[in-house]
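Below: protein.txt (compact mmCIF, C-alpha atoms)
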```txt
# COMPACT_ATOMS: atom_id res chain seq x y z
CA LEU A 97 -137.86 17.00 -55.82
CA LEU A 98 -140.88 18.66 -57.39
CA ARG A 99 -138.78 19.84 -60.28
CA LEU A 100 -137.34 16.37 -60.84
CA ALA A 101 -140.77 14.81 -60.68
CA GLY A 102 -142.19 17.30 -63.15
CA THR A 103 -139.27 16.88 -65.49
CA ALA A 104 -139.80 13.14 -65.43
CA VAL A 105 -143.43 13.59 -66.43
CA VAL A 106 -142.48 15.81 -69.37
CA VAL A 107 -139.59 13.64 -70.51
CA ALA A 108 -141.87 10.63 -70.44
CA GLY A 109 -143.97 12.35 -73.09
CA CYS A 110 -141.07 13.63 -75.15
CA GLY A 111 -140.73 10.63 -77.42
CA ARG A 112 -142.49 10.89 -80.76
CA ALA A 113 -145.19 8.33 -81.44
CA LYS A 114 -144.00 5.62 -83.82
CA ASP A 115 -146.46 6.66 -86.48
CA GLN A 116 -145.20 10.27 -86.46
CA GLN A 117 -142.41 11.53 -88.67
CA GLY A 118 -139.56 12.01 -86.21
CA ALA A 119 -136.05 13.28 -86.70
CA SER A 120 -133.69 10.58 -87.85
CA PRO A 121 -129.94 11.20 -87.51
CA GLN A 122 -129.88 12.15 -91.20
CA GLN A 123 -132.54 14.81 -90.64
CA ILE A 124 -130.70 16.61 -87.86
CA HIS A 125 -129.06 19.85 -88.97
CA PRO A 126 -125.47 19.33 -90.25
CA ALA A 127 -124.20 21.77 -87.61
CA GLU A 128 -125.56 19.59 -84.79
CA ALA A 129 -122.11 18.51 -83.66
CA THR A 130 -121.08 22.09 -82.94
CA ALA A 131 -124.48 23.55 -82.03
CA ALA A 132 -124.10 22.38 -78.44
CA LYS A 133 -121.74 25.31 -77.84
CA MET A 134 -123.71 27.80 -79.90
CA THR A 135 -125.60 30.61 -78.30
CA PHE A 136 -129.03 31.91 -79.24
CA SER A 137 -127.94 34.37 -81.93
CA ASP A 138 -125.50 31.93 -83.57
CA LEU A 139 -127.75 28.95 -84.17
CA PRO A 140 -128.16 28.33 -87.92
CA VAL A 141 -131.81 28.47 -88.94
CA ALA A 142 -133.21 26.10 -91.54
CA PRO A 143 -135.38 27.59 -94.31
CA LYS A 144 -138.95 28.04 -93.17
CA PRO A 145 -141.46 25.85 -95.03
CA GLU A 146 -144.63 27.31 -96.51
CA VAL A 147 -147.27 27.90 -93.87
CA ALA A 148 -150.16 25.68 -94.90
CA PRO A 149 -152.88 23.70 -93.09
CA GLU A 150 -150.69 20.60 -93.31
CA LEU A 151 -147.85 22.35 -91.47
CA LEU A 152 -150.19 23.55 -88.70
CA ALA A 153 -151.63 20.03 -88.38
CA GLU A 154 -148.12 18.65 -88.01
CA GLY A 155 -147.33 21.37 -85.47
CA LYS A 156 -150.39 20.45 -83.43
CA ALA A 157 -149.34 16.79 -83.41
CA VAL A 158 -145.78 17.65 -82.35
CA TYR A 159 -147.07 20.01 -79.67
CA SER A 160 -149.57 17.47 -78.30
CA GLN A 161 -146.87 14.80 -78.09
CA ASN A 162 -144.06 16.90 -76.65
CA CYS A 163 -145.26 20.22 -75.23
CA ALA A 164 -148.83 20.02 -73.94
CA ALA A 165 -147.85 18.29 -70.69
CA GLY A 166 -146.17 21.51 -69.58
CA HIS A 167 -147.65 24.32 -71.64
CA GLY A 168 -151.19 22.95 -71.66
CA VAL A 169 -153.57 21.92 -74.44
CA ASN A 170 -154.67 25.54 -74.77
CA GLY A 171 -151.16 26.97 -74.52
CA ASP A 172 -151.91 28.70 -71.21
CA GLY A 173 -149.05 27.11 -69.28
CA LYS A 174 -151.42 24.92 -67.28
CA GLY A 175 -150.53 21.45 -68.50
CA ASP A 176 -150.81 18.35 -66.32
CA ALA A 177 -147.12 18.57 -65.33
CA ALA A 178 -147.02 22.35 -64.85
CA ALA A 179 -147.56 22.19 -61.08
CA PHE A 180 -144.34 20.20 -60.73
CA LEU A 181 -142.16 22.43 -62.89
CA LEU A 182 -139.92 25.32 -61.81
CA PRO A 183 -139.86 27.77 -63.40
CA LYS A 184 -143.41 27.53 -64.71
CA PRO A 185 -143.98 26.78 -68.41
CA ARG A 186 -144.47 29.72 -70.78
CA ASN A 187 -148.03 30.97 -71.24
CA PHE A 188 -148.31 31.21 -75.03
CA VAL A 189 -151.62 33.06 -74.80
CA GLN A 190 -149.98 36.02 -73.04
CA ALA A 191 -147.12 35.86 -75.56
CA ASN A 192 -144.58 37.49 -73.24
CA TYR A 193 -141.48 35.92 -74.72
CA ARG A 194 -138.08 36.48 -73.17
CA LEU A 195 -135.60 35.34 -75.82
CA ARG A 196 -135.97 37.84 -78.63
CA SER A 197 -134.04 40.03 -81.02
CA THR A 198 -136.88 42.58 -80.89
CA PRO A 199 -137.43 45.60 -78.60
CA ALA A 200 -139.10 45.33 -75.19
CA GLY A 201 -142.82 44.67 -75.42
CA HIS A 202 -142.59 43.35 -78.97
CA LEU A 203 -143.31 39.84 -80.15
CA PRO A 204 -140.35 37.67 -81.15
CA THR A 205 -139.54 37.01 -84.78
CA ASP A 206 -140.20 33.56 -86.21
CA VAL A 207 -136.44 33.01 -86.22
CA ASP A 208 -136.35 33.87 -82.49
CA LEU A 209 -139.02 31.26 -81.78
CA PHE A 210 -137.26 28.62 -83.89
CA ARG A 211 -134.01 29.21 -82.02
CA ALA A 212 -135.70 29.11 -78.61
CA VAL A 213 -137.42 25.82 -79.44
CA SER A 214 -134.20 24.41 -80.88
CA LEU A 215 -131.87 25.37 -78.01
CA GLY A 216 -134.24 25.06 -75.06
CA LEU A 217 -133.68 27.09 -71.90
CA PRO A 218 -130.77 26.22 -69.58
CA GLY A 219 -131.78 25.95 -65.95
CA THR A 220 -135.36 24.98 -66.82
CA PRO A 221 -137.17 21.75 -67.82
CA MET A 222 -137.28 23.06 -71.43
CA PRO A 223 -134.92 20.76 -73.42
CA PRO A 224 -133.03 21.52 -76.65
CA TRP A 225 -135.51 20.12 -79.16
CA ARG A 226 -132.97 20.30 -81.99
CA VAL A 227 -131.65 16.92 -80.86
CA MET A 228 -135.10 15.30 -80.93
CA LEU A 229 -137.13 17.00 -83.64
CA SER A 230 -136.42 17.66 -87.30
CA ASP A 231 -136.17 21.16 -88.71
CA ASN A 232 -139.62 20.80 -90.25
CA ASP A 233 -141.14 19.63 -86.95
CA ARG A 234 -139.68 22.61 -85.12
CA TRP A 235 -140.97 25.05 -87.72
CA ALA A 236 -144.36 23.37 -87.54
CA VAL A 237 -144.58 23.71 -83.77
CA VAL A 238 -143.46 27.35 -83.98
CA GLU A 239 -146.37 28.11 -86.29
CA TYR A 240 -148.78 26.19 -84.07
CA ILE A 241 -147.61 27.97 -80.91
CA LYS A 242 -148.35 31.30 -82.59
CA THR A 243 -152.03 30.33 -82.99
CA PHE A 244 -152.54 30.52 -79.20
CA SER A 245 -152.16 34.31 -79.11
CA PRO A 246 -154.21 36.73 -81.24
CA ARG A 247 -151.25 39.11 -81.14
CA PHE A 248 -149.49 37.24 -83.95
CA ALA A 249 -152.46 37.86 -86.25
CA ASN A 250 -152.79 41.52 -85.24
CA THR A 251 -151.77 43.69 -88.19
CA ASN A 252 -150.85 46.49 -85.79
CA GLU A 253 -148.02 44.40 -84.36
CA ASN A 254 -144.70 45.25 -85.99
CA LEU A 255 -142.85 41.96 -86.37
CA SER A 256 -139.97 43.29 -88.45
CA ILE A 257 -138.05 45.48 -85.97
CA VAL A 258 -134.83 43.85 -84.80
CA VAL A 259 -132.51 45.51 -82.29
CA ASN A 260 -129.11 46.44 -83.67
CA LEU A 261 -126.35 45.54 -81.20
CA GLY A 262 -123.93 48.03 -82.70
CA THR A 263 -120.14 47.76 -82.76
CA PRO A 264 -118.36 46.50 -79.64
CA PRO A 265 -116.07 49.11 -78.04
CA PRO A 266 -112.59 48.08 -76.91
CA ARG A 267 -112.63 45.85 -73.84
CA ASN A 268 -110.26 47.56 -71.43
CA GLU A 269 -110.05 48.87 -67.88
CA ALA A 270 -111.77 52.13 -68.81
CA ALA A 271 -114.71 50.26 -70.37
CA LEU A 272 -115.03 48.08 -67.28
CA ARG A 273 -115.02 51.12 -64.99
CA GLU A 274 -117.75 52.75 -67.07
CA GLY A 275 -119.72 49.50 -67.13
CA LYS A 276 -119.50 49.24 -63.35
CA ALA A 277 -120.71 52.82 -62.93
CA MET A 278 -123.68 52.21 -65.23
CA PHE A 279 -124.49 48.93 -63.45
CA THR A 280 -125.26 51.12 -60.43
CA LYS A 281 -126.69 54.10 -62.34
CA PHE A 282 -129.32 52.02 -64.14
CA ALA A 283 -130.25 50.13 -60.93
CA CYS A 284 -128.97 46.75 -62.09
CA ILE A 285 -127.37 46.48 -58.67
CA THR A 286 -130.72 46.68 -56.85
CA CYS A 287 -131.79 43.30 -58.25
CA HIS A 288 -128.58 41.53 -59.24
CA GLY A 289 -126.63 42.73 -56.22
CA GLU A 290 -123.23 44.27 -55.72
CA SER A 291 -121.63 40.86 -56.18
CA GLY A 292 -123.77 40.03 -59.23
CA GLN A 293 -125.21 36.95 -57.53
CA GLY A 294 -128.87 37.93 -57.81
CA ASN A 295 -129.09 39.00 -54.18
CA GLY A 296 -129.79 42.72 -54.46
CA PRO A 297 -132.15 44.46 -52.00
CA SER A 298 -135.10 44.32 -54.43
CA ALA A 299 -134.63 40.64 -55.32
CA VAL A 300 -137.03 39.23 -52.72
CA GLY A 301 -140.00 41.21 -54.05
CA LEU A 302 -139.66 40.53 -57.78
CA VAL A 303 -142.52 38.80 -59.61
CA ASP A 304 -143.21 37.85 -63.22
CA ASP A 305 -146.36 38.31 -65.32
CA SER A 306 -148.02 35.44 -63.45
CA GLN A 307 -147.34 37.19 -60.14
CA LEU A 308 -144.93 34.43 -59.16
CA HIS A 309 -141.60 35.19 -57.51
CA ILE A 310 -138.73 35.41 -59.96
CA ASN A 311 -135.03 35.35 -59.11
CA PRO A 312 -132.65 37.80 -60.78
CA ARG A 313 -129.86 36.20 -62.81
CA ASN A 314 -126.82 35.13 -60.83
CA PHE A 315 -124.01 36.43 -63.03
CA SER A 316 -121.41 34.23 -61.35
CA GLN A 317 -123.02 31.13 -62.93
CA PRO A 318 -122.60 31.35 -66.72
CA ILE A 319 -124.14 27.92 -67.28
CA ALA A 320 -127.58 29.26 -66.30
CA PHE A 321 -127.73 32.07 -68.86
CA LYS A 322 -130.92 31.43 -70.83
CA SER A 323 -129.52 32.18 -74.28
CA GLY A 324 -126.04 30.82 -73.69
CA TYR A 325 -123.02 32.63 -72.34
CA ALA A 326 -121.54 35.16 -74.75
CA THR A 327 -120.95 38.89 -74.56
CA LYS A 328 -123.29 39.66 -77.45
CA GLU A 329 -126.11 37.66 -75.82
CA ILE A 330 -125.74 39.74 -72.65
CA VAL A 331 -125.81 42.90 -74.80
CA ARG A 332 -128.91 41.68 -76.63
CA THR A 333 -130.64 40.99 -73.31
CA ILE A 334 -129.73 44.43 -71.95
CA LEU A 335 -131.20 46.06 -75.05
CA THR A 336 -134.30 43.87 -75.54
CA GLY A 337 -135.14 42.99 -71.92
CA PHE A 338 -137.19 39.98 -70.85
CA ASN A 339 -140.90 40.49 -71.54
CA GLY A 340 -143.09 39.47 -68.62
CA THR A 341 -140.35 40.12 -66.06
CA PRO A 342 -138.94 43.16 -64.22
CA MET A 343 -135.97 43.08 -66.63
CA LEU A 344 -136.38 46.19 -68.79
CA GLY A 345 -135.04 46.67 -72.30
CA PHE A 346 -132.72 49.64 -72.84
CA ALA A 347 -132.75 49.82 -76.65
CA GLY A 348 -133.25 53.46 -77.63
CA THR A 349 -132.59 54.56 -74.05
CA ILE A 350 -128.84 54.11 -73.84
CA PRO A 351 -126.16 54.06 -76.55
CA ASN A 352 -125.36 50.56 -77.79
CA GLN A 353 -121.75 50.97 -76.73
CA ASP A 354 -122.90 51.50 -73.14
CA ALA A 355 -124.74 48.18 -73.30
CA TRP A 356 -121.49 46.50 -74.33
CA LYS A 357 -119.61 48.12 -71.44
CA ILE A 358 -122.25 46.92 -68.96
CA ALA A 359 -121.93 43.45 -70.49
CA TYR A 360 -118.15 43.52 -70.03
CA TYR A 361 -118.71 44.32 -66.37
CA VAL A 362 -121.36 41.59 -66.02
CA GLU A 363 -118.85 39.08 -67.35
CA SER A 364 -116.33 40.15 -64.71
CA PHE A 365 -118.48 38.46 -62.07
CA ALA A 366 -117.75 35.08 -63.62
CA LYS A 367 -114.25 35.51 -64.92
CA PRO A 368 -111.33 37.87 -64.28
CA ALA A 369 -111.54 41.33 -65.81
CA THR A 370 -109.21 41.88 -68.76
```
Final structure tokens representation of the file:
Amino acid sequence: LLRLAGTAVVVAGCGRAKDQQGASPQQIHPAEATAAKMTFSDLPVAPKPEVAPELLAEGKAVYSQNCAAGHGVNGDGKGDAAAFLLPKPRNFVQANYRLRSTPAGHLPTDVDLFRAVSLGLPGTPMPPWRVMLSDNDRWAVVEYIKTFSPRFANTNENLSIVVNLGTPPPRNEAALREGKAMFTKFACITCHGESGQGNGPSAVGLVDDSQLHINPRNFSQPIAFKSGYATKEIVRTILTGFNGTPMLGFAGTIPNQDAWKIAYYVESFAKPAT
């Protein structure tokens, strides 16, 4: 009930004011018809406009109209509707972003942010803004969101490193057996459980960067995967991790092919092994 109430509050503020430049059907990306089935890494990204004061002003207007109710005027995740939302809105000041193509602990790329804004987050009140905002509006709000955290202006932050997923190994019984063994070896089983339903022995004590309880992913429910359900998205998550959560990133720790084998095993919880 709380979640529905909070979602209603946010949705009520999702419409653009009539005097703002919204996204007409002609402005929506040509791939819109097929984007509904696209996952995070597949979404086409429109060219980024020049970052100028006018773009930041537009971003602020878009954010105030559509995002501040949840994420807060100051980007701290403490908007008027935040108390009613589960999970809680992202704190842009902390800048612990989950959907990234970058290593654990790193900031996301601008493309990562654009895709996250465009696709939304399944299983949360965060909608897919690609169906409501133009490309330019989404780029504008991405640039404005970045102003909340000093990390984006820190020259010591490396924003260019992107994790290479490598080449997928053959999907066969041997790969699944190895993936299952590594699922236990790397302690995935302690959170996600032997059945992959997010009910491992450590699940009850997990918290995020706000010290709020967080549930491990239930692998038997593909619809709830935050970046869409595809093998390569599972591999990317294994390698990059989810910043601000107990989900570690294994890039540089395990061979990329091992990440693919774990992903093959993860998928076996939702569909028959092949």
**OP:** Please provide as a PyMOL selection string all residues within 9 Å of stretch 237-247 of chain A, with the sequence filter that same-chain residues fewer than 2 positions apart are discarded (counting all atoms listed in the file).
**Re:** chain A and resi 147+151-159+170-172+188-191+203+206+209-210+213+232-235+249-253
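Closest to A:Glu329 among A:Met228, A:Ala200, A:Pro223, A:Ala359 is A:Ala359, based on all atoms listed in the file.
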Subject >> Nearest residue to A:Ser230 from the set A:Ala142, A:Val207, A:Ala271, A:Ala177 (distances using only C-alpha atoms) >> reply: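 Among A:Ala142, A:Val207, A:Ala271, A:Ala177, it is A:Ala142 that comes nearest to A:Ser230.
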Original post:
Which residue gives the smallest distance to A:Met278 among A:Lys174, A:Lys357, A:Arg211, A:His309, with all atoms listed in the file counted?
Top reply: A:Lys357
**OP:** Choose the residue, out of A:Met134, A:Ile257, A:Val169, A:Leu272, that has the smallest atom-to-atom separation from A:Gly216; count all atoms listed in the file.
**Re:**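 Looking at the shortest contact to A:Gly216, the residue is A:Met134.
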**OP:** Excluding A:Leu335 and residues on its chain fewer than 3 positions from it, collect all residues at most 9 Å away from it, counting all atoms listed in the file, and give them as a count of residues only.
**Re:** 19
